[in-house]
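Here is data-v8.cif, consisting of mmCIF, C-alpha atoms and all ligand atoms:
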data_model
#
loop_
_atom_site.label_atom_id
_atom_site.label_comp_id
_atom_site.auth_asym_id
_atom_site.auth_seq_id
_atom_site.Cartn_x
_atom_site.Cartn_y
_atom_site.Cartn_z
CA ALA B 969 -93.91 -39.40 -230.45
CA ALA B 970 -97.58 -38.69 -230.71
CA ARG B 971 -98.87 -40.06 -227.44
CA PRO B 972 -97.19 -40.52 -224.07
CA ILE B 973 -97.17 -43.99 -222.58
CA TYR B 974 -98.27 -44.13 -218.98
CA ALA B 975 -96.28 -46.59 -216.93
CA ASP B 976 -99.34 -48.03 -215.17
CA GLN B 977 -100.84 -49.17 -218.50
CA LEU B 978 -97.77 -51.08 -219.49
CA PRO B 979 -96.92 -54.75 -219.15
CA ALA B 980 -93.82 -55.04 -216.94
CA GLY B 981 -91.43 -55.86 -219.78
CA LEU B 982 -92.34 -52.74 -221.72
CA GLN B 983 -91.98 -50.11 -219.01
CA THR B 984 -88.56 -48.94 -220.10
CA ILE B 985 -89.65 -48.15 -223.68
CA SER B 986 -90.59 -44.58 -224.64
CA ASN B 987 -92.22 -45.10 -228.06
CA ILE B 988 -93.77 -48.21 -229.58
CA VAL B 989 -94.41 -47.96 -233.31
CA ALA B 990 -96.38 -50.54 -235.31
CA VAL B 991 -95.53 -51.11 -238.97
CA SER B 992 -98.59 -52.68 -240.50
CA SER B 993 -100.01 -53.88 -243.81
CA CYS B 994 -103.16 -55.63 -244.88
CA LYS B 995 -101.48 -58.07 -247.22
CA GLY B 996 -98.23 -59.98 -247.11
CA GLY B 997 -95.42 -59.23 -249.52
CA VAL B 998 -95.95 -55.47 -249.82
CA GLY B 999 -92.69 -54.61 -248.05
CA LYS B 1000 -93.84 -54.22 -244.44
CA SER B 1001 -90.77 -55.94 -242.98
CA THR B 1002 -88.46 -54.03 -245.30
CA VAL B 1003 -89.94 -50.78 -243.99
CA ALA B 1004 -89.90 -51.89 -240.35
CA VAL B 1005 -86.25 -52.94 -240.44
CA ASN B 1006 -84.96 -49.94 -242.40
CA LEU B 1007 -86.94 -47.54 -240.20
CA ALA B 1008 -85.46 -49.14 -237.08
CA TYR B 1009 -81.87 -48.85 -238.34
CA THR B 1010 -82.46 -45.27 -239.47
CA LEU B 1011 -83.66 -44.30 -235.98
CA ALA B 1012 -80.61 -46.05 -234.52
CA ASP B 1013 -78.37 -44.12 -236.91
CA MET B 1014 -80.02 -40.91 -235.68
CA GLY B 1015 -78.82 -41.80 -232.18
CA ALA B 1016 -81.88 -43.52 -230.71
CA ARG B 1017 -81.86 -46.76 -228.71
CA VAL B 1018 -83.95 -49.13 -230.79
CA GLY B 1019 -85.44 -52.61 -230.72
CA ILE B 1020 -87.35 -54.58 -233.35
CA PHE B 1021 -90.08 -57.01 -232.44
CA ASP B 1022 -90.95 -59.28 -235.36
CA ALA B 1023 -94.54 -60.25 -234.55
CA ASP B 1024 -95.01 -62.11 -237.82
CA VAL B 1025 -95.09 -65.55 -236.20
CA TYR B 1026 -96.14 -67.41 -239.36
CA GLY B 1027 -93.53 -65.85 -241.63
CA PRO B 1028 -90.77 -64.20 -239.61
CA SER B 1029 -88.53 -62.15 -241.95
CA LEU B 1030 -86.16 -60.66 -239.41
CA PRO B 1031 -83.73 -63.64 -239.37
CA THR B 1032 -83.23 -63.15 -243.15
CA MET B 1033 -83.07 -59.36 -243.12
CA VAL B 1034 -80.46 -59.00 -240.38
CA SER B 1035 -77.58 -61.27 -239.54
CA PRO B 1036 -76.80 -61.17 -235.81
CA GLU B 1037 -73.87 -63.24 -234.63
CA ASN B 1038 -76.09 -64.95 -232.09
CA ARG B 1039 -79.12 -66.36 -233.91
CA LEU B 1040 -80.80 -67.87 -230.87
CA LEU B 1041 -82.57 -66.03 -228.09
CA VAL B 1042 -81.15 -66.69 -224.62
CA MET B 1043 -83.22 -67.23 -221.47
CA ASN B 1044 -82.28 -65.77 -218.13
CA PRO B 1045 -83.25 -68.79 -215.99
CA GLU B 1046 -83.39 -66.87 -212.69
CA LYS B 1047 -85.59 -64.02 -213.83
CA LYS B 1048 -87.38 -66.17 -216.43
CA THR B 1049 -86.83 -63.47 -219.00
CA ILE B 1050 -85.68 -63.52 -222.61
CA ILE B 1051 -82.55 -61.68 -223.66
CA PRO B 1052 -82.87 -60.25 -227.18
CA THR B 1053 -80.20 -60.84 -229.74
CA GLU B 1054 -78.54 -57.82 -231.35
CA TYR B 1055 -77.25 -56.69 -234.71
CA SER B 1056 -75.52 -53.39 -235.41
CA GLY B 1057 -76.73 -51.88 -232.14
CA VAL B 1058 -80.41 -52.79 -232.50
CA LYS B 1059 -82.06 -55.33 -230.17
CA LEU B 1060 -84.02 -58.04 -231.94
CA ILE B 1061 -86.78 -60.46 -231.07
CA SER B 1062 -88.31 -62.79 -233.63
CA PHE B 1063 -90.04 -66.13 -233.47
CA GLY B 1064 -87.45 -67.07 -236.08
CA PHE B 1065 -84.77 -66.76 -233.36
CA ALA B 1066 -86.67 -69.02 -230.98
CA GLY B 1067 -85.13 -72.20 -232.36
CA GLN B 1068 -88.33 -73.73 -233.69
CA GLY B 1069 -89.61 -74.41 -237.16
CA ARG B 1070 -92.43 -72.47 -238.78
CA ALA B 1071 -95.38 -72.42 -236.47
CA ILE B 1072 -98.57 -74.39 -236.93
CA MET B 1073 -100.73 -72.64 -234.39
CA ARG B 1074 -104.24 -71.37 -233.99
CA GLY B 1075 -104.86 -67.68 -233.46
CA PRO B 1076 -105.19 -67.66 -229.65
CA MET B 1077 -101.93 -69.58 -229.32
CA VAL B 1078 -100.19 -67.11 -231.59
CA SER B 1079 -101.46 -64.26 -229.45
CA GLY B 1080 -100.12 -66.07 -226.37
CA VAL B 1081 -96.68 -66.57 -227.89
CA ILE B 1082 -96.52 -62.95 -229.04
CA ASN B 1083 -97.63 -61.74 -225.63
CA GLN B 1084 -94.99 -63.84 -223.88
CA LEU B 1085 -92.16 -62.85 -226.22
CA LEU B 1086 -93.07 -59.18 -225.93
CA THR B 1087 -93.61 -58.89 -222.23
CA THR B 1088 -90.90 -61.17 -220.84
CA THR B 1089 -88.11 -59.74 -222.96
CA GLU B 1090 -85.43 -57.70 -221.24
CA TRP B 1091 -85.59 -54.78 -223.65
CA GLY B 1092 -83.77 -52.38 -221.33
CA GLU B 1093 -84.06 -48.65 -221.94
CA LEU B 1094 -85.31 -48.03 -225.49
CA ASP B 1095 -86.34 -44.85 -227.28
CA TYR B 1096 -88.21 -46.87 -229.93
CA LEU B 1097 -89.56 -50.35 -230.24
CA ILE B 1098 -90.58 -51.05 -233.84
CA ILE B 1099 -93.17 -53.81 -234.16
CA ASP B 1100 -93.30 -55.63 -237.49
CA MET B 1101 -96.97 -56.57 -237.31
CA PRO B 1102 -98.42 -59.76 -238.78
CA PRO B 1103 -100.18 -58.79 -242.05
CA GLY B 1104 -103.91 -58.11 -241.79
CA THR B 1105 -106.35 -56.63 -239.31
CA GLY B 1106 -107.77 -59.72 -237.63
CA ASP B 1107 -107.85 -61.04 -234.06
CA ILE B 1108 -104.10 -61.51 -233.70
CA GLN B 1109 -103.44 -57.91 -234.71
CA LEU B 1110 -106.19 -56.54 -232.48
CA THR B 1111 -104.99 -58.50 -229.46
CA LEU B 1112 -101.46 -57.32 -230.04
CA CYS B 1113 -102.59 -53.71 -230.24
CA GLN B 1114 -104.51 -54.15 -227.00
CA ILE B 1115 -101.52 -55.60 -225.10
CA VAL B 1116 -99.19 -52.90 -226.30
CA PRO B 1117 -99.94 -49.20 -225.96
CA LEU B 1118 -98.77 -48.08 -229.39
CA THR B 1119 -97.64 -44.49 -229.81
CA ALA B 1120 -97.90 -44.51 -233.60
CA ALA B 1121 -98.63 -46.67 -236.61
CA VAL B 1122 -97.10 -46.68 -240.09
CA ILE B 1123 -99.11 -48.37 -242.84
CA VAL B 1124 -97.34 -49.96 -245.78
CA THR B 1125 -99.15 -50.55 -249.04
CA THR B 1126 -98.61 -50.69 -252.80
CA PRO B 1127 -100.04 -48.08 -255.19
CA GLN B 1128 -102.89 -50.08 -256.78
CA LYS B 1129 -106.41 -48.79 -256.42
CA LEU B 1130 -107.35 -51.92 -254.52
CA SER B 1131 -104.88 -51.03 -251.81
CA PHE B 1132 -107.19 -48.20 -250.83
CA ILE B 1133 -109.49 -50.68 -249.20
CA ASP B 1134 -106.50 -52.08 -247.33
CA VAL B 1135 -105.38 -48.70 -246.09
CA ALA B 1136 -108.92 -47.94 -244.95
CA LYS B 1137 -109.05 -51.18 -242.96
CA GLY B 1138 -105.72 -50.42 -241.31
CA VAL B 1139 -106.66 -46.85 -240.47
CA ARG B 1140 -110.00 -48.00 -239.04
CA MET B 1141 -108.36 -50.58 -236.79
CA PHE B 1142 -105.84 -48.11 -235.42
CA SER B 1143 -108.35 -45.31 -234.99
CA LYS B 1144 -110.63 -47.66 -233.02
CA LEU B 1145 -107.68 -48.24 -230.72
CA LYS B 1146 -106.90 -44.51 -230.64
CA VAL B 1147 -103.48 -45.02 -232.21
CA PRO B 1148 -102.51 -42.25 -234.62
CA CYS B 1149 -101.48 -43.37 -238.14
CA VAL B 1150 -98.59 -41.01 -238.74
CA ALA B 1151 -97.60 -42.14 -242.22
CA VAL B 1152 -98.42 -44.30 -245.21
CA VAL B 1153 -95.57 -45.78 -247.21
CA GLU B 1154 -96.48 -46.52 -250.81
CA ASN B 1155 -93.94 -49.17 -251.65
CA MET B 1156 -92.81 -50.25 -255.12
CA CYS B 1157 -94.34 -47.08 -256.57
CA HIS B 1158 -91.95 -46.72 -259.50
CA PHE B 1159 -88.63 -47.77 -261.00
CA ASP B 1160 -86.17 -46.03 -263.29
CA ALA B 1161 -84.72 -47.69 -266.39
CA ASP B 1162 -83.12 -46.36 -269.57
CA GLY B 1163 -83.48 -42.81 -268.27
CA LYS B 1164 -87.25 -43.19 -267.92
CA ARG B 1165 -89.51 -43.60 -264.89
CA TYR B 1166 -92.09 -46.40 -264.91
CA TYR B 1167 -95.14 -46.78 -262.67
CA PRO B 1168 -95.98 -50.49 -262.88
CA PHE B 1169 -98.93 -50.28 -260.47
CA GLY B 1170 -100.34 -46.95 -261.68
CA ARG B 1171 -100.03 -43.66 -259.88
CA GLY B 1172 -101.89 -40.85 -258.23
CA SER B 1173 -103.61 -42.76 -255.45
CA GLY B 1174 -101.17 -41.44 -252.87
CA SER B 1175 -102.53 -37.94 -252.48
CA GLN B 1176 -106.05 -39.38 -252.31
CA VAL B 1177 -104.96 -41.56 -249.39
CA VAL B 1178 -103.69 -38.53 -247.54
CA GLN B 1179 -106.89 -36.55 -248.18
CA GLN B 1180 -109.41 -39.30 -247.54
CA PHE B 1181 -107.86 -40.72 -244.42
CA GLY B 1182 -106.30 -37.58 -243.02
CA ILE B 1183 -102.87 -39.14 -242.68
CA PRO B 1184 -100.24 -36.45 -242.31
CA HIS B 1185 -97.39 -38.05 -244.26
CA LEU B 1186 -97.04 -40.11 -247.42
CA PHE B 1187 -93.77 -41.62 -248.59
CA ASP B 1188 -93.03 -43.19 -251.96
CA LEU B 1189 -90.53 -46.00 -251.87
CA PRO B 1190 -89.28 -47.00 -255.33
CA ILE B 1191 -88.59 -50.52 -256.56
CA ARG B 1192 -84.88 -50.93 -256.10
CA PRO B 1193 -82.91 -54.13 -256.76
CA THR B 1194 -80.57 -53.10 -253.93
CA LEU B 1195 -83.50 -53.12 -251.48
CA SER B 1196 -84.36 -56.74 -252.17
CA ALA B 1197 -80.69 -57.75 -252.36
CA SER B 1198 -79.93 -56.13 -249.00
CA GLY B 1199 -83.08 -57.71 -247.55
CA ASP B 1200 -81.69 -61.12 -248.48
CA SER B 1201 -78.12 -60.35 -247.46
CA GLY B 1202 -78.72 -59.67 -243.79
CA MET B 1203 -77.61 -56.05 -243.92
CA PRO B 1204 -80.42 -53.48 -244.29
CA GLU B 1205 -79.96 -51.01 -247.13
CA VAL B 1206 -79.83 -48.01 -244.77
CA VAL B 1207 -76.88 -49.65 -242.99
CA ALA B 1208 -75.15 -50.64 -246.26
CA ASP B 1209 -75.67 -47.25 -247.95
CA PRO B 1210 -76.40 -44.58 -245.32
CA GLN B 1211 -76.09 -41.70 -247.83
CA GLY B 1212 -78.26 -43.27 -250.52
CA GLU B 1213 -81.68 -42.31 -251.86
CA VAL B 1214 -83.47 -44.97 -249.79
CA SER B 1215 -81.77 -43.79 -246.59
CA LYS B 1216 -83.01 -40.24 -247.21
CA ILE B 1217 -86.60 -41.51 -247.52
CA PHE B 1218 -86.27 -43.38 -244.24
CA GLN B 1219 -84.73 -40.35 -242.51
CA ASN B 1220 -87.83 -38.37 -243.46
CA LEU B 1221 -90.04 -41.18 -242.16
CA GLY B 1222 -87.92 -41.40 -239.01
CA VAL B 1223 -88.71 -37.84 -237.94
CA CYS B 1224 -92.48 -38.53 -238.24
CA VAL B 1225 -92.68 -41.41 -235.76
P1 LIG E 1 -93.87 -58.12 -246.17
O1 LIG E 1 -93.20 -57.90 -244.85
O2 LIG E 1 -94.96 -57.13 -246.44
O3 LIG E 1 -94.30 -59.53 -246.40
P2 LIG E 1 -91.19 -57.87 -247.28
O4 LIG E 1 -90.64 -56.63 -246.66
O5 LIG E 1 -90.74 -59.18 -246.74
O6 LIG E 1 -92.79 -57.80 -247.31
O7 LIG E 1 -90.91 -57.77 -248.84
C1 LIG E 1 -91.22 -58.82 -249.74
C2 LIG E 1 -90.06 -58.98 -250.72
O8 LIG E 1 -90.01 -57.84 -251.58
C3 LIG E 1 -88.70 -59.09 -250.06
O9 LIG E 1 -87.93 -59.99 -250.77
C4 LIG E 1 -88.14 -57.68 -250.18
O10 LIG E 1 -86.73 -57.68 -250.21
C5 LIG E 1 -88.73 -57.20 -251.49
N1 LIG E 1 -88.98 -55.75 -251.52
C6 LIG E 1 -89.75 -55.04 -250.68
N2 LIG E 1 -89.78 -53.72 -251.04
C7 LIG E 1 -88.98 -53.61 -252.14
C8 LIG E 1 -88.59 -52.51 -253.00
N3 LIG E 1 -89.05 -51.27 -252.78
N4 LIG E 1 -87.75 -52.77 -254.02
C9 LIG E 1 -87.31 -54.04 -254.24
N5 LIG E 1 -87.64 -55.10 -253.49
C10 LIG E 1 -88.47 -54.91 -252.45
#
Please rewrite the model in this file as structure tokens.
Amino acid sequence: AARPIYADQLPAGLQTISNIVAVSSCKGGVGKSTVAVNLAYTLADMGARVGIFDADVYGPSLPTMVSPENRLLVMNPEKKTIIPTEYSGVKLISFGFAGQGRAIMRGPMVSGVINQLLTTTEWGELDYLIIDMPPGTGDIQLTLCQIVPLTAAVIVTTPQKLSFIDVAKGVRMFSKLKVPCVAVVENMCHFDADGKRYYPFGRGSGSQVVQQFGIPHLFDLPIRPTLSASGDSGMPEVVADPQGEVSKIFQNLGVCV
């Protein structure tokens, strides 16, 4: 935890949460949700009480990536609160569990829905809430960061040169909000085949990211068929293979947040 949360800054629903970590990317499809979900389950495996808030209202991935028995959020009619669903010990909130189709909403409405889901949920005592941010650094993301006092941010990107610009945008947004970016995850950095290692998006930009933006940690996440298969199967890879190579990467990321 990089920054303490002061109770008086917090919306009521978030007062029992010690650390709120944003997992962010500038573009869709770079593996942000994969990182958010596997990070959450790694922290849970380390003994923490964890929740995931899928803030990607337009394309919620959480309902595909985890398979809770109860796939609909339940309201507590007396307290007017939302009870999160749960899978393998982690509490889950996603627009995809709200029982509605994909949203057609303008930005301010999205911010309203996110705000309501976040602050009226009965999270209970949590050590970590992982927020799977909507991709980008626009109004929705800014509003979300202003509602929630984040303790840390993790930026997910791919290794192309162009992604530099993305990382810079992300770092700038979080630094404006005084949220420390504790790590960059360079996803899909390489794959191994026939005893050789391939770098389909080029290599070497990682260390530059660390130097230029002063981010303390950089993690390479390889392209792994098991990662996409587990993402589709409803059981995160770190749950399916807790001793595997991917789990070790997430354990190292877990101690940074
Ligand atoms: P985002 O949240 O940035 O849109 P996702 O996490 O949903 O991205 O990932 C997009 C797709 O790529 C998913 O099908 C996911 O399973 C797959 N994927 C992500 N990272 C990897 C990886 N390192 N190896 C293989 N597949 C991956």
Find the residues near ligand LIG 1 (chain E). Use a cut-off of 6 Å, count only C-alpha atoms and all ligand atoms, and write them as number ranges by chain.
B: 996-1002, 1155-1156, 1189-1193, 1195-1196, 1199
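With all atoms listed in the file as the basis for measurement, B:Ser1029 is the residue among B:Gln1084, B:Ser1029, B:Ser1198, B:Gln1114 that approaches Ser1062 of chain B most closely.
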Find the residue from B:Val1177, B:Ala1151, B:Ile1020, B:Leu1221 that sits nearest to Val1135 of chain B; use all atoms listed in the file when measuring.
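Closest to Val1135 of chain B of all the choices is B:Val1177.
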Edge lengths and centre, in Å to one decimal, as AutoDock Vina command-line options: that's what I need for the box along x, y and z that holds all listed atoms of segment 1148-1154 of chain B plus 6 Å on each side.
--center_x -99.0 --center_y -43.8 --center_z -242.7 --size_x 18.9 --size_y 17.5 --size_z 28.2
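Our summary of the geometry notes that atom CA of Val1018 of chain B is positioned 8.9 Å from atom CA of Glu1093 of chain B.
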Atom pair atom CA of Tyr1055 of chain B + atom CA of Cys1149 of chain B, distance 27.9 Å
In Å, with one decimal, what is the gap from atom CA of Pro979 of chain B to atom CA of Ile1123 of chain B?
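A separation of 24.6 Å between them.
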Would you kindly return, as JSON, numbers by chain, each protein, DNA or RNA residue with an atom no farther than 9 Å from any atom of Val1003 of chain B, considering only C-alpha atoms and excluding same-chain residues fewer than 5 positions away?
{"B": [991, 1008, 1100, 1124, 1153, 1155, 1218]}
Output C-alpha atoms for every residue in the selection just made, as a tab-separated table (two decimals), in the frame of the given file.
chain	number	residue	atom	x	y	z
B	991	VAL	CA	-95.53	-51.11	-238.97
B	1008	ALA	CA	-85.46	-49.14	-237.08
B	1100	ASP	CA	-93.30	-55.63	-237.49
B	1124	VAL	CA	-97.34	-49.96	-245.78
B	1153	VAL	CA	-95.57	-45.78	-247.21
B	1155	ASN	CA	-93.94	-49.17	-251.65
B	1218	PHE	CA	-86.27	-43.38	-244.24
Given only C-alpha atoms as the basis, pick out the residue of B:Gly1138, B:Gly1019, B:Gly1067, B:Pro1076 nearest to Pro1052 of chain B.
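Under the stated criterion, the closest residue is B:Gly1019.
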Contacts of Phe1169 of chain B within 9 Å, only C-alpha atoms, excl. fewer than 2 positions in-chain, as a ChimeraX atom specification
/B:1126-1129,1156-1158,1167,1171
Would you mind listing what lies within 12 Å of Tyr1009 of chain B as an MDAnalysis selection string, with all atoms listed in the file counted and same-chain residues fewer than 2 positions away left out?
chainID B and resid 1002:1007 1011:1020 1033:1034 1054:1060 1096:1098 1203:1210 1215 1218:1219 1221:1222
For Phe1063 of chain B, which of B:Glu1090, B:Leu1186, B:Ser1079, B:Leu1030 is the closest residue, counting only C-alpha atoms?
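Of the candidates, the smallest distance to Phe1063 of chain B is held by B:Leu1030.
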Take the point (-97.2, -47.4, -229.1) in the file's coordinates, draw a sphere of radius 8 Å around it, and report as a list in words every protein, DNA or RNA residue with an atom inside or on it, counting all atoms listed in the file.
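Protein and nucleic acid residues near the point are Arg971, Ile973, Asn987, Ile988, Val989, Ala990, Val1116, Pro1117, Leu1118, Thr1119, Ala1120, Ala1121 and Val1147 of chain B.
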Mind checking which residues fall within 12 Å of Thr1087 of chain B, counting all atoms listed in the file, ignoring those fewer than 5 positions away in the same chain, and posting them as a PyMOL selection string?
chain B and resi 978-985+1021+1048-1052+1061+1079-1082+1092+1112+1115-1116
Counting all atoms listed in the file, what is within 9 Å of Lys1137 of chain B, bar same-chain residues fewer than 6 positions away, as an NGL selection string?
:B and (994 or 1104-1105)
